[in-house]
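Heads up: the structure comes next, in structure tokens.
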Amino acid sequence: MEHIIATRETNELVELVIAAQEKGLSGEHGTWLEFLKFCDPTRDYFNDPRNRKAETLIQFLTSIIKTDDSRKLALLMNPSRPLVRRYSCNHPKETAEQRLVRKTLTHEEYPFDFLIPYKSKDWVLTGIIGSPIVDPLNDLAAEISYSFRSRMPYAKSIAITDMIALCCEKVLCQDNTEAAVRVAAVDRNLKVILDVLVKPNEPVINFRTSITGLDCFALHLSNATPLSDIQEKLLELFPTETIMVGHLLNKDLKALKMDHARVIDTSLLFKYDFSAAAGIVGKLPRPF
């Protein structure tokens, strides 16, 4: 999260600080004004974030990460925030599938796990047309900045129960990032609708053959598909209302460089502390 904040332009940092002020977010030394008084009490006329250097703005925003308001800050930084907010609402007629979506999106770890790099040109958003991403900081910005793929009313959209399970095998690249090397998807009837090898954009230093079943020769001979083509295919498979299901989906989506708002992540919903069981098999907790 610190890295994502540090890579923003000054004007973007200003907008984030202003949004944090409006939401009443506080860092280690309090609100923005309290932070300034703590750091430099002699310069009251520089209270406006637009009159402050990027280093000061970054220092304040990163201080929020260490407080209870860190989750709210992470939500502010989520480019899909309007759609996430939409599917996080409780509805009296929500389906069992939508309940799991809501439980995922409102999980305390969701904003941090699904926080994606800012303005990444090679990322795509399934619910919005117009990547590279421009982060909407206020409630109406997304409506102005983006063309949504769907204008379906909320009550109708949550009634849709189309589900696709996604899994992505990853390799370790030279730049110490993980890249997708194989992507598979099945529908709710367990019919395979996608199973394809992906060509990494960076040199691979560990193919994790015991997991992926691939090595440099197998991948070379397979005529693997470029990631950009895989992204286009996934955009077709995942309309805004389709539910994406997976385990540790944030890691798969990061490797695929894409974001989808309506998700069910079993790693968040079904947590179990096996160390506390001391060898006794217990039941997984129900998410609702």
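How things are named: the first chain in the structure tokens is A, the next is B, and so on; residues count from 1 in each chain; ligands count from 1 in the order shown.
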
Show which residues sit within 9 Å of Ile65 in chain A, as a PDB file with N, CA and C atoms, in the first residue's frame. Count only C-alpha atoms, and ignore same-chain residues fewer than 5 positions away.
```
ATOM      1  N   MET A   1       0.835  -1.201   0.000  1.00  0.00           N
ATOM      2  CA  MET A   1       0.000   0.000   0.000  1.00  0.00           C
ATOM      3  C   MET A   1       0.872   1.255   0.000  1.00  0.00           C
ATOM      4  N   GLU A   2       1.972   1.224   0.759  1.00  0.00           N
ATOM      5  CA  GLU A   2       2.890   2.357   0.791  1.00  0.00           C
ATOM      6  C   GLU A   2       3.463   2.629  -0.591  1.00  0.00           C
ATOM      7  N   GLY A  27      -4.429   9.840  10.825  1.00  0.00           N
ATOM      8  CA  GLY A  27      -3.210   9.048  10.858  1.00  0.00           C
ATOM      9  C   GLY A  27      -2.686   8.927  12.275  1.00  0.00           C
ATOM     10  N   GLU A  28      -1.420   8.583  12.397  1.00  0.00           N
ATOM     11  CA  GLU A  28      -0.814   8.420  13.724  1.00  0.00           C
ATOM     12  C   GLU A  28      -0.881   9.699  14.545  1.00  0.00           C
ATOM     13  N   SER A  70      -7.150   2.764   8.037  1.00  0.00           N
ATOM     14  CA  SER A  70      -6.416   2.264   6.873  1.00  0.00           C
ATOM     15  C   SER A  70      -7.353   1.592   5.868  1.00  0.00           C
ATOM     16  N   ARG A  71      -8.376   0.906   6.375  1.00  0.00           N
ATOM     17  CA  ARG A  71      -9.323   0.234   5.479  1.00  0.00           C
ATOM     18  C   ARG A  71     -10.085   1.252   4.639  1.00  0.00           C
ATOM     19  N   LEU A  73      -9.052   4.210   3.776  1.00  0.00           N
ATOM     20  CA  LEU A  73      -8.126   4.761   2.792  1.00  0.00           C
ATOM     21  C   LEU A  73      -7.953   3.805   1.619  1.00  0.00           C
ATOM     22  N   ALA A  74      -7.842   2.518   1.918  1.00  0.00           N
ATOM     23  CA  ALA A  74      -7.696   1.525   0.848  1.00  0.00           C
ATOM     24  C   ALA A  74      -8.914   1.526  -0.068  1.00  0.00           C
TER      25      ALA A  74
END
```

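Distances to Thr7 in chain A were evaluated for A:Trp32, A:Glu55, A:Arg182, A:Lys199 using only C-alpha atoms, and the minimum falls at A:Glu55.
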
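Using only C-alpha atoms, the shortest contact distance between Ala6 in chain A and any of A:Thr225, A:Ser26, A:Asn250, A:Gln59 is found at A:Gln59.
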
Among listed residues A:Val101, A:Ile5, A:Val183, A:Val171, nearest Thr242 in chain A (using only C-alpha atoms): A:Val101

Need the shell around range 266-270 of chain A: protein/DNA/RNA residues with any atom at most 12 Å away, counting only C-alpha atoms. Skip same-chain ones fewer than 4 positions apart. Format as a ChimeraX atom specification? /A:99-114,165-166,244-251,283-288

Kindly save the residues from that selection, with C-alpha atoms included, as a compact mmCIF listing (two decimals), in the first residue's frame.
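And here's again_32.txt as it stands now:
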```txt
# COMPACT_ATOMS: atom_id res chain seq x y z
CA ARG A 99 -24.75 -12.81 0.04
CA LEU A 100 -21.34 -14.44 -0.46
CA VAL A 101 -20.32 -11.57 -2.75
CA ARG A 102 -21.35 -9.05 -0.10
CA LYS A 103 -19.51 -10.97 2.62
CA THR A 104 -16.36 -10.96 0.48
CA LEU A 105 -16.51 -7.25 -0.36
CA THR A 106 -17.22 -6.21 3.22
CA HIS A 107 -14.53 -8.45 4.71
CA GLU A 108 -11.99 -6.42 6.68
CA GLU A 109 -9.10 -7.72 4.56
CA TYR A 110 -10.72 -7.14 1.15
CA PRO A 111 -9.61 -3.50 0.59
CA PHE A 112 -5.96 -4.43 1.20
CA ASP A 113 -5.93 -7.72 -0.70
CA PHE A 114 -7.63 -6.28 -3.78
CA ALA A 165 -14.66 -20.12 -11.16
CA LEU A 166 -11.21 -18.88 -12.13
CA MET A 244 -16.07 -14.54 -10.24
CA VAL A 245 -15.27 -17.32 -7.77
CA GLY A 246 -11.85 -18.41 -6.60
CA HIS A 247 -9.39 -18.91 -3.77
CA LEU A 248 -6.90 -16.09 -3.17
CA LEU A 249 -8.43 -14.33 -6.16
CA ASN A 250 -6.41 -11.21 -5.46
CA LYS A 251 -3.20 -13.06 -6.37
CA LYS A 283 -15.60 -27.47 10.91
CA LEU A 284 -15.01 -24.52 8.63
CA PRO A 285 -16.91 -21.47 9.89
CA ARG A 286 -19.98 -20.41 7.95
CA PRO A 287 -19.54 -16.99 6.29
CA PHE A 288 -23.05 -15.89 7.26
```

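Considering only C-alpha atoms, the residue among A:Asp69, A:Glu236, A:Asp195, A:Asp40 positioned nearest to Gly24 in chain A is A:Asp69.
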
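Among the candidates A:Ser228, A:Asn223, A:Thr240, A:Asn176, the residue lying nearest to Thr126 in chain A is A:Thr240 (atoms considered: only C-alpha atoms).
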
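Counting only C-alpha atoms and comparing A:Lys233, A:His29, A:Lys170, A:Arg188, the residue that lies closest to Thr209 in chain A is A:Lys170.
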
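One finds CA of Asn78 in chain A at 6.0 Å from CA of Leu115 in chain A.
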